[in-house]
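Asker: Just input-v7.cif, nothing more (mmCIF, C-alpha atoms):
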data_start
loop_
_atom_site.label_atom_id
_atom_site.label_comp_id
_atom_site.auth_asym_id
_atom_site.auth_seq_id
_atom_site.Cartn_x
_atom_site.Cartn_y
_atom_site.Cartn_z
CA MET A 1098 -14.99 -77.94 -60.65
CA ILE A 1099 -13.38 -76.70 -63.87
CA LEU A 1100 -16.70 -76.85 -65.71
CA LEU A 1101 -18.41 -74.92 -62.92
CA ARG A 1102 -15.60 -72.35 -62.85
CA ASN A 1103 -15.78 -71.82 -66.61
CA PHE A 1104 -19.57 -71.60 -66.47
CA LEU A 1105 -19.40 -68.90 -63.77
CA ASP A 1106 -16.73 -66.98 -65.67
CA ASN A 1107 -18.83 -66.97 -68.82
CA LEU A 1108 -21.99 -66.04 -66.93
CA ILE A 1109 -20.32 -63.20 -65.01
CA ASN A 1110 -18.65 -61.87 -68.15
CA LEU A 1111 -22.02 -61.89 -69.94
CA THR A 1112 -23.49 -59.70 -67.17
CA LYS A 1113 -20.74 -57.08 -67.42
CA TRP A 1114 -22.46 -54.45 -69.57
CA PRO A 1115 -26.04 -55.11 -68.43
CA LEU A 1116 -24.88 -54.59 -64.84
CA ALA A 1117 -22.92 -51.49 -65.84
CA ILE A 1118 -26.12 -49.96 -67.27
CA ILE A 1119 -28.19 -51.05 -64.26
CA PHE A 1120 -25.70 -49.55 -61.82
CA PHE A 1121 -25.35 -46.35 -63.84
CA PHE A 1122 -29.08 -45.64 -63.93
CA GLY A 1123 -29.53 -47.24 -60.51
CA ILE A 1124 -27.74 -44.30 -58.92
CA ILE A 1125 -31.08 -42.44 -59.02
CA PRO A 1126 -33.11 -44.85 -56.82
CA LEU A 1127 -29.97 -45.45 -54.76
CA GLY A 1128 -29.69 -41.72 -54.07
CA GLN A 1129 -33.39 -41.58 -53.17
CA THR A 1130 -32.93 -44.52 -50.80
CA ILE A 1131 -29.91 -42.96 -49.11
CA LEU A 1132 -31.68 -39.64 -48.58
CA PHE A 1133 -34.82 -41.31 -47.22
CA TYR A 1134 -32.96 -43.72 -44.95
CA TYR A 1135 -30.68 -41.16 -43.37
CA GLN A 1136 -33.36 -38.47 -43.06
CA LYS A 1137 -36.33 -40.57 -41.92
CA VAL A 1138 -35.11 -43.96 -40.70
CA ILE A 1139 -31.80 -43.66 -38.91
CA THR A 1140 -32.10 -43.39 -35.11
CA ASN A 1141 -28.94 -44.90 -33.64
CA TRP A 1142 -26.87 -41.74 -33.59
CA TYR A 1143 -24.49 -42.98 -30.88
CA ASP A 1144 -23.19 -45.85 -32.99
CA ILE A 1145 -23.10 -43.62 -36.07
CA SER A 1146 -21.03 -41.11 -34.07
CA MET A 1147 -18.56 -43.83 -33.03
CA PHE A 1148 -18.35 -44.90 -36.66
CA ALA A 1149 -17.66 -41.28 -37.70
CA ILE A 1150 -14.90 -40.98 -35.07
CA GLY A 1151 -13.23 -44.09 -36.48
CA PHE A 1152 -13.50 -42.70 -40.01
CA ALA A 1153 -12.03 -39.33 -38.98
CA PHE A 1154 -9.19 -41.07 -37.12
CA MET A 1155 -8.35 -43.04 -40.26
CA VAL A 1156 -8.33 -39.89 -42.39
CA ALA A 1157 -5.91 -38.24 -39.95
CA CYS A 1158 -3.65 -41.31 -39.92
CA TRP A 1159 -3.69 -41.46 -43.71
CA ILE A 1160 -2.77 -37.79 -44.08
CA PHE A 1161 0.05 -37.78 -41.52
CA LEU A 1162 1.35 -41.37 -41.50
CA ILE A 1163 0.33 -43.39 -44.53
CA GLN A 1164 -0.07 -41.31 -47.67
CA SER A 1165 3.54 -40.17 -47.76
CA LYS A 1166 4.76 -43.78 -47.68
CA ASN A 1167 4.28 -46.85 -49.81
CA SER A 1168 1.65 -48.84 -47.97
CA ILE A 1169 2.13 -52.60 -48.17
CA ALA A 1170 -1.06 -52.98 -46.12
CA ALA A 1171 -3.18 -51.30 -48.80
CA THR A 1172 -1.52 -53.38 -51.53
CA LEU A 1173 -1.96 -56.60 -49.57
CA GLU A 1174 -5.65 -55.91 -48.88
CA HIS A 1175 -6.09 -55.12 -52.58
CA GLU A 1176 -4.60 -58.45 -53.63
CA ILE A 1177 -6.48 -60.38 -50.94
CA THR A 1178 -9.73 -58.94 -52.31
CA HIS A 1179 -8.80 -60.14 -55.79
CA ALA A 1180 -8.07 -63.55 -54.27
CA LEU A 1181 -11.33 -63.64 -52.32
CA PHE A 1182 -13.43 -63.10 -55.43
CA ALA A 1183 -11.30 -65.59 -57.34
CA ILE A 1184 -12.05 -68.21 -54.67
CA LEU A 1185 -15.74 -67.28 -54.59
CA THR A 1186 -15.90 -67.99 -58.32
CA PHE A 1187 -14.08 -71.34 -57.88
CA HIS A 1188 -10.59 -70.35 -59.01
CA LYS A 1189 -7.56 -71.80 -57.26
CA VAL A 1190 -5.29 -68.99 -56.05
CA ILE A 1191 -1.67 -69.79 -56.82
CA ASN A 1192 0.21 -66.79 -55.46
CA ILE A 1193 -0.24 -63.43 -53.74
CA GLN A 1194 2.58 -60.87 -53.63
CA ALA A 1195 2.95 -57.37 -52.17
CA SER A 1196 6.16 -55.35 -52.20
CA TRP A 1197 7.63 -53.39 -49.28
CA GLU A 1198 9.54 -51.15 -51.69
CA ASN A 1199 6.63 -49.89 -53.81
CA THR A 1200 2.89 -50.24 -54.22
CA ASN A 1201 3.16 -53.09 -56.72
CA GLY A 1202 1.33 -56.33 -56.01
CA SER A 1203 0.03 -59.35 -57.85
CA MET A 1204 -2.33 -62.29 -57.48
CA ALA A 1205 -2.25 -65.36 -59.72
CA PHE A 1206 -4.98 -67.96 -60.10
CA LYS A 1207 -5.97 -70.83 -62.35
CA GLY A 1208 -8.57 -70.24 -65.05
CA LYS A 1209 -9.39 -67.38 -67.38
CA GLY A 1210 -11.10 -65.27 -64.69
CA ASN A 1211 -13.81 -62.65 -64.93
CA TRP A 1212 -14.29 -58.89 -64.61
CA LEU A 1213 -15.60 -59.19 -61.03
CA ILE A 1214 -12.26 -60.55 -59.81
CA THR A 1215 -10.48 -57.67 -61.50
CA ILE A 1216 -12.62 -54.81 -60.21
CA ALA A 1217 -13.60 -56.14 -56.76
CA PRO A 1218 -10.98 -54.19 -54.72
CA TYR A 1219 -12.38 -50.91 -56.02
CA PHE A 1220 -15.80 -51.31 -54.39
CA PHE A 1221 -15.67 -54.20 -51.88
CA PRO A 1222 -14.36 -53.22 -48.39
CA THR A 1223 -12.75 -56.51 -47.41
CA LEU A 1224 -11.38 -55.37 -44.03
CA THR A 1225 -14.74 -53.91 -43.05
CA ILE A 1226 -16.59 -57.12 -43.93
CA ALA A 1227 -13.98 -59.10 -41.96
CA PHE A 1228 -14.57 -56.94 -38.88
CA ILE A 1229 -18.34 -57.31 -39.27
CA PHE A 1230 -17.89 -61.08 -39.28
CA ILE A 1231 -15.44 -61.05 -36.35
CA GLY A 1232 -17.68 -58.67 -34.38
CA GLY A 1233 -20.71 -60.85 -35.05
CA VAL A 1234 -18.93 -64.00 -33.85
CA LEU A 1235 -17.58 -62.28 -30.71
CA SER A 1236 -20.96 -60.71 -29.93
CA ALA A 1237 -22.65 -64.12 -30.20
CA PHE A 1238 -19.95 -65.74 -28.06
CA LEU A 1239 -19.97 -63.04 -25.35
CA GLY A 1240 -23.72 -62.48 -25.46
CA LYS A 1241 -23.37 -58.72 -25.90
CA GLN A 1242 -22.48 -56.17 -28.56
CA ILE A 1243 -18.79 -55.37 -28.98
CA SER A 1244 -18.35 -51.72 -27.95
CA TRP A 1245 -15.37 -51.01 -30.22
CA LEU A 1246 -16.88 -52.54 -33.36
CA ASP A 1247 -18.41 -49.30 -34.70
CA ILE A 1248 -15.08 -47.46 -34.37
CA ALA A 1249 -13.30 -50.36 -36.10
CA LEU A 1250 -15.81 -50.28 -38.95
CA GLY A 1251 -15.28 -46.52 -39.33
CA VAL A 1252 -11.51 -46.99 -39.43
CA THR A 1253 -11.65 -49.80 -42.00
CA ILE A 1254 -14.23 -48.19 -44.30
CA GLY A 1255 -12.22 -44.96 -44.16
CA TYR A 1256 -9.12 -46.93 -45.06
CA HIS A 1257 -10.89 -48.55 -47.99
CA PHE A 1258 -12.28 -45.22 -49.22
CA LEU A 1259 -8.87 -43.52 -49.17
CA ALA A 1260 -7.04 -46.54 -50.59
CA VAL A 1261 -9.45 -46.68 -53.54
CA LEU A 1262 -8.94 -42.96 -54.19
CA PHE A 1263 -5.19 -43.56 -54.13
CA GLU A 1264 -5.45 -46.60 -56.44
CA ILE A 1265 -7.65 -45.03 -59.13
CA HIS A 1266 -5.30 -43.38 -61.60
CA ARG A 1267 -4.62 -43.38 -65.30
CA GLU A 1268 -1.99 -46.15 -65.16
CA GLN A 1269 -4.04 -48.56 -63.04
CA THR A 1270 -3.84 -51.87 -64.91
CA ASP A 1271 -7.01 -53.35 -63.37
CA LEU A 1272 -9.16 -50.49 -64.60
CA LYS A 1273 -7.52 -50.61 -68.01
CA LYS A 1274 -8.36 -54.31 -68.17
CA VAL A 1275 -12.08 -53.89 -67.41
CA GLY A 1276 -12.23 -50.60 -69.32
CA TRP A 1277 -12.44 -47.02 -68.10
CA PHE A 1278 -15.92 -46.53 -69.52
CA PHE A 1279 -17.20 -49.58 -67.67
CA SER A 1280 -15.52 -48.38 -64.47
CA PHE A 1281 -17.19 -44.99 -64.88
CA LEU A 1282 -20.61 -46.62 -65.24
CA PHE A 1283 -20.25 -49.21 -62.49
CA LEU A 1284 -17.99 -48.00 -59.67
CA PRO A 1285 -19.80 -44.86 -58.37
CA SER A 1286 -23.03 -46.72 -57.58
CA ALA A 1287 -21.18 -49.83 -56.42
CA ASN A 1288 -19.21 -47.79 -53.89
CA LEU A 1289 -22.24 -45.79 -52.74
CA LEU A 1290 -24.08 -49.05 -52.18
CA SER A 1291 -21.18 -50.56 -50.21
CA TYR A 1292 -20.81 -47.55 -47.90
CA SER A 1293 -24.56 -47.21 -47.42
CA LEU A 1294 -24.95 -50.85 -46.46
CA VAL A 1295 -22.14 -50.56 -43.91
CA LEU A 1296 -23.82 -47.49 -42.38
CA ALA A 1297 -27.16 -49.31 -42.32
CA PHE A 1298 -25.44 -52.17 -40.51
CA VAL A 1299 -23.96 -49.77 -37.97
CA ASP A 1300 -27.42 -48.28 -37.41
CA ARG A 1301 -29.51 -51.46 -37.10
CA GLY A 1302 -27.35 -54.49 -37.83
CA ILE A 1303 -28.59 -56.99 -40.40
CA ASP A 1304 -32.11 -55.58 -40.04
CA GLY A 1305 -30.81 -52.24 -41.30
CA VAL A 1306 -29.23 -53.88 -44.35
CA VAL A 1307 -32.43 -55.76 -45.16
CA TYR A 1308 -34.54 -52.61 -44.73
CA PHE A 1309 -32.16 -50.63 -46.94
CA PHE A 1310 -32.59 -53.19 -49.74
CA ARG A 1311 -36.37 -53.07 -49.32
CA LEU A 1312 -36.31 -49.28 -49.68
CA LEU A 1313 -34.03 -49.53 -52.71
CA SER A 1314 -36.42 -52.00 -54.36
CA TYR A 1315 -39.36 -49.72 -53.57
CA PHE A 1316 -37.78 -46.61 -55.12
CA ALA A 1317 -36.50 -48.57 -58.14
CA LYS A 1318 -40.03 -49.86 -58.84
CA ILE A 1319 -41.48 -46.34 -58.54
CA ASP A 1320 -38.86 -44.93 -60.92
CA LEU A 1321 -39.47 -47.71 -63.45
CA VAL A 1322 -43.22 -47.11 -63.34
CA ASN A 1323 -42.68 -43.37 -63.84
CA VAL A 1324 -40.35 -43.94 -66.79
CA TYR A 1325 -42.79 -46.41 -68.34
CA SER A 1326 -45.69 -43.96 -67.89
CA TYR A 1327 -43.66 -41.16 -69.45
CA LEU A 1328 -42.67 -43.28 -72.44
CA GLU A 1329 -46.23 -44.54 -72.88
CA ALA A 1330 -47.57 -40.98 -72.89
CA PHE A 1331 -44.83 -39.79 -75.21
CA LEU A 1332 -45.29 -42.62 -77.73
#
Please express the file's structure as structure tokens.
Answerer:
Amino acid sequence: MILLRNFLDNLINLTKWPLAIIFFFGIIPLGQTILFYYQKVITNWYDISMFAIGFAFMVACWIFLIQSKNSIAATLEHEITHALFAILTFHKVINIQASWENTNGSMAFKGKGNWLITIAPYFFPTLTIAFIFIGGVLSAFLGKQISWLDIALGVTIGYHFLAVLFEIHREQTDLKKVGWFFSFLFLPSANLLSYSLVLAFVDRGIDGVVYFFRLLSYFAKIDLVNVYSYLEAFL
């Protein structure tokens, strides 16, 4: 297990800057995919509307109830996301702490770790993914779609969006650790991708997610061909 953990840490750390470059330039095909999907593909406006209601409700709650207080819930979700990615990369989590008195929290694990564990809370909506899983299990058990799931997804993705905005500041130790330049290259596209995939799921379920990735691959290939043709003509 230790050998596998160290191998994954080394492999993930080697991919840090290549992925940063891919995500930075990938914002172009990602933007093309988002525009095409939500202009030409999306049809399930009822579920999207329920999702939007949940998002708007969360924004109102944040403005009037949460933002003015230290939120242990946001800190706890943040640390749980660190822990989740630590476990996924075969690290044993030793401790998770979140304070009622301030927004400080911590998560300790065995091993040297990797940049993905550090930056995961800033693009991965853990609560939203949990509700997708819970909704999927309940839907399969009951034999019908859960009516409140879209609202719950809107609430949780809104919570993640606002919490990330609150957490990104000059003194944020996680972002200092991975580097501000890396965060600038990686996080915008990573967040756009996360939110877009959740919306695609709301629209068509897993089929929407799969179709979104197919569109993204299609536009990325077209852009690469165009860049190659331009460089070939130029050189």
Asker: Pick the closest to Val1234 in chain A from A:Ile1177, A:Leu1284, A:Leu1246, A:Trp1114: which is it, counting all atoms listed in the file?
Answerer: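 Distance minimum relative to Val1234 in chain A lands on A:Leu1246.
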Asker: Take the PyMOL selection byres ((chain A and resi 1299-1310) around 10), apply it to the structure above, and return the hits as an NGL selection string.
Answerer: :A and (1127 or 1130-1131 or 1133-1135 or 1138-1148 or 1229 or 1233 or 1246-1248 or 1250-1251 or 1290 or 1293-1298 or 1311-1316)
Asker: So that I have them on file, write out the residues from the current selection with C-alpha atoms, as a CSV table (one decimal), in the coordinates of the input.
Answerer:
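Okay, selection.csv is ready:
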chain,number,residue,atom,x,y,z
A,1127,LEU,CA,-30.0,-45.4,-54.8
A,1130,THR,CA,-32.9,-44.5,-50.8
A,1131,ILE,CA,-29.9,-43.0,-49.1
A,1133,PHE,CA,-34.8,-41.3,-47.2
A,1134,TYR,CA,-33.0,-43.7,-45.0
A,1135,TYR,CA,-30.7,-41.2,-43.4
A,1138,VAL,CA,-35.1,-44.0,-40.7
A,1139,ILE,CA,-31.8,-43.7,-38.9
A,1140,THR,CA,-32.1,-43.4,-35.1
A,1141,ASN,CA,-28.9,-44.9,-33.6
A,1142,TRP,CA,-26.9,-41.7,-33.6
A,1143,TYR,CA,-24.5,-43.0,-30.9
A,1144,ASP,CA,-23.2,-45.8,-33.0
A,1145,ILE,CA,-23.1,-43.6,-36.1
A,1146,SER,CA,-21.0,-41.1,-34.1
A,1147,MET,CA,-18.6,-43.8,-33.0
A,1148,PHE,CA,-18.4,-44.9,-36.7
A,1229,ILE,CA,-18.3,-57.3,-39.3
A,1233,GLY,CA,-20.7,-60.8,-35.0
A,1246,LEU,CA,-16.9,-52.5,-33.4
A,1247,ASP,CA,-18.4,-49.3,-34.7
A,1248,ILE,CA,-15.1,-47.5,-34.4
A,1250,LEU,CA,-15.8,-50.3,-39.0
A,1251,GLY,CA,-15.3,-46.5,-39.3
A,1290,LEU,CA,-24.1,-49.0,-52.2
A,1293,SER,CA,-24.6,-47.2,-47.4
A,1294,LEU,CA,-25.0,-50.8,-46.5
A,1295,VAL,CA,-22.1,-50.6,-43.9
A,1296,LEU,CA,-23.8,-47.5,-42.4
A,1297,ALA,CA,-27.2,-49.3,-42.3
A,1298,PHE,CA,-25.4,-52.2,-40.5
A,1311,ARG,CA,-36.4,-53.1,-49.3
A,1312,LEU,CA,-36.3,-49.3,-49.7
A,1313,LEU,CA,-34.0,-49.5,-52.7
A,1314,SER,CA,-36.4,-52.0,-54.4
A,1315,TYR,CA,-39.4,-49.7,-53.6
A,1316,PHE,CA,-37.8,-46.6,-55.1
Asker: So that I can see what lies close to range 1270-1282 of chain A, please list as a list in words the residues with an atom at most 8 Å from it, counting all atoms listed in the file and leaving out residues fewer than 3 positions away in the same chain.
Answerer: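 After dropping sequence-adjacent residues, the list is Trp1114, Ala1117, Ile1118, Phe1120, Phe1121, Trp1212, Thr1215, Ile1216, Ile1265 and Pro1285 of chain A.
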Asker: Find the residues with any atom within 12 Å of (-10.9, -72.2, -55.2); use all atoms listed in the file and the coordinates as given in the file, and write the answer as a list in words.
Answerer: Met1098, Ile1099, Leu1101, Arg1102, Ala1180, Leu1181, Phe1182, Ala1183, Ile1184, Leu1185, Thr1186, Phe1187, His1188, Lys1189, Val1190, Ile1191, Ala1205, Phe1206, Lys1207, Gly1208 and Gly1210 of chain A
Asker: How far is it from CA of Leu1262 in chain A to CA of Phe1154 in chain A, in Å with one decimal?
Answerer: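 Taking CA of Leu1262 in chain A and CA of Phe1154 in chain A, their separation equals 17.2 Å.
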Asker: From the set A:Thr1172, A:Asn1211, A:Ser1291, A:Asn1201, which residue has the shortest atom-to-atom contact distance to Ala1260 in chain A, counting only C-alpha atoms?
Answerer: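 Of all the options, A:Thr1172 lies closest to Ala1260 in chain A.
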Asker: Which residues are near Phe1220 in chain A? Cut-off 10 Å, only C-alpha atoms, ignore same chain within fewer than 2 positions. Put them as a list in words.
Answerer: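 Within the cut-off, the hits are Thr1178, Ile1216, Ala1217, Pro1218, Pro1222, Thr1223, His1257, Phe1258, Val1261, Phe1283, Leu1284, Pro1285, Ser1286, Ala1287, Asn1288, Leu1289, Leu1290, Ser1291 and Tyr1292 of chain A.
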Asker: Residues as selected, C-alpha atoms, written as a PDB file, in the frame of the given file, can you do that?
Answerer:
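Done, and the output landed in again11.pdb:
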ATOM      1  CA  THR A1178      -9.730 -58.940 -52.310  1.00  0.00           C
ATOM      2  CA  ILE A1216     -12.620 -54.810 -60.210  1.00  0.00           C
ATOM      3  CA  ALA A1217     -13.600 -56.140 -56.760  1.00  0.00           C
ATOM      4  CA  PRO A1218     -10.980 -54.190 -54.720  1.00  0.00           C
ATOM      5  CA  PRO A1222     -14.360 -53.220 -48.390  1.00  0.00           C
ATOM      6  CA  THR A1223     -12.750 -56.510 -47.410  1.00  0.00           C
ATOM      7  CA  HIS A1257     -10.890 -48.550 -47.990  1.00  0.00           C
ATOM      8  CA  PHE A1258     -12.280 -45.220 -49.220  1.00  0.00           C
ATOM      9  CA  VAL A1261      -9.450 -46.680 -53.540  1.00  0.00           C
ATOM     10  CA  PHE A1283     -20.250 -49.210 -62.490  1.00  0.00           C
ATOM     11  CA  LEU A1284     -17.990 -48.000 -59.670  1.00  0.00           C
ATOM     12  CA  PRO A1285     -19.800 -44.860 -58.370  1.00  0.00           C
ATOM     13  CA  SER A1286     -23.030 -46.720 -57.580  1.00  0.00           C
ATOM     14  CA  ALA A1287     -21.180 -49.830 -56.420  1.00  0.00           C
ATOM     15  CA  ASN A1288     -19.210 -47.790 -53.890  1.00  0.00           C
ATOM     16  CA  LEU A1289     -22.240 -45.790 -52.740  1.00  0.00           C
ATOM     17  CA  LEU A1290     -24.080 -49.050 -52.180  1.00  0.00           C
ATOM     18  CA  SER A1291     -21.180 -50.560 -50.210  1.00  0.00           C
ATOM     19  CA  TYR A1292     -20.810 -47.550 -47.900  1.00  0.00           C
TER      20      TYR A1292
END
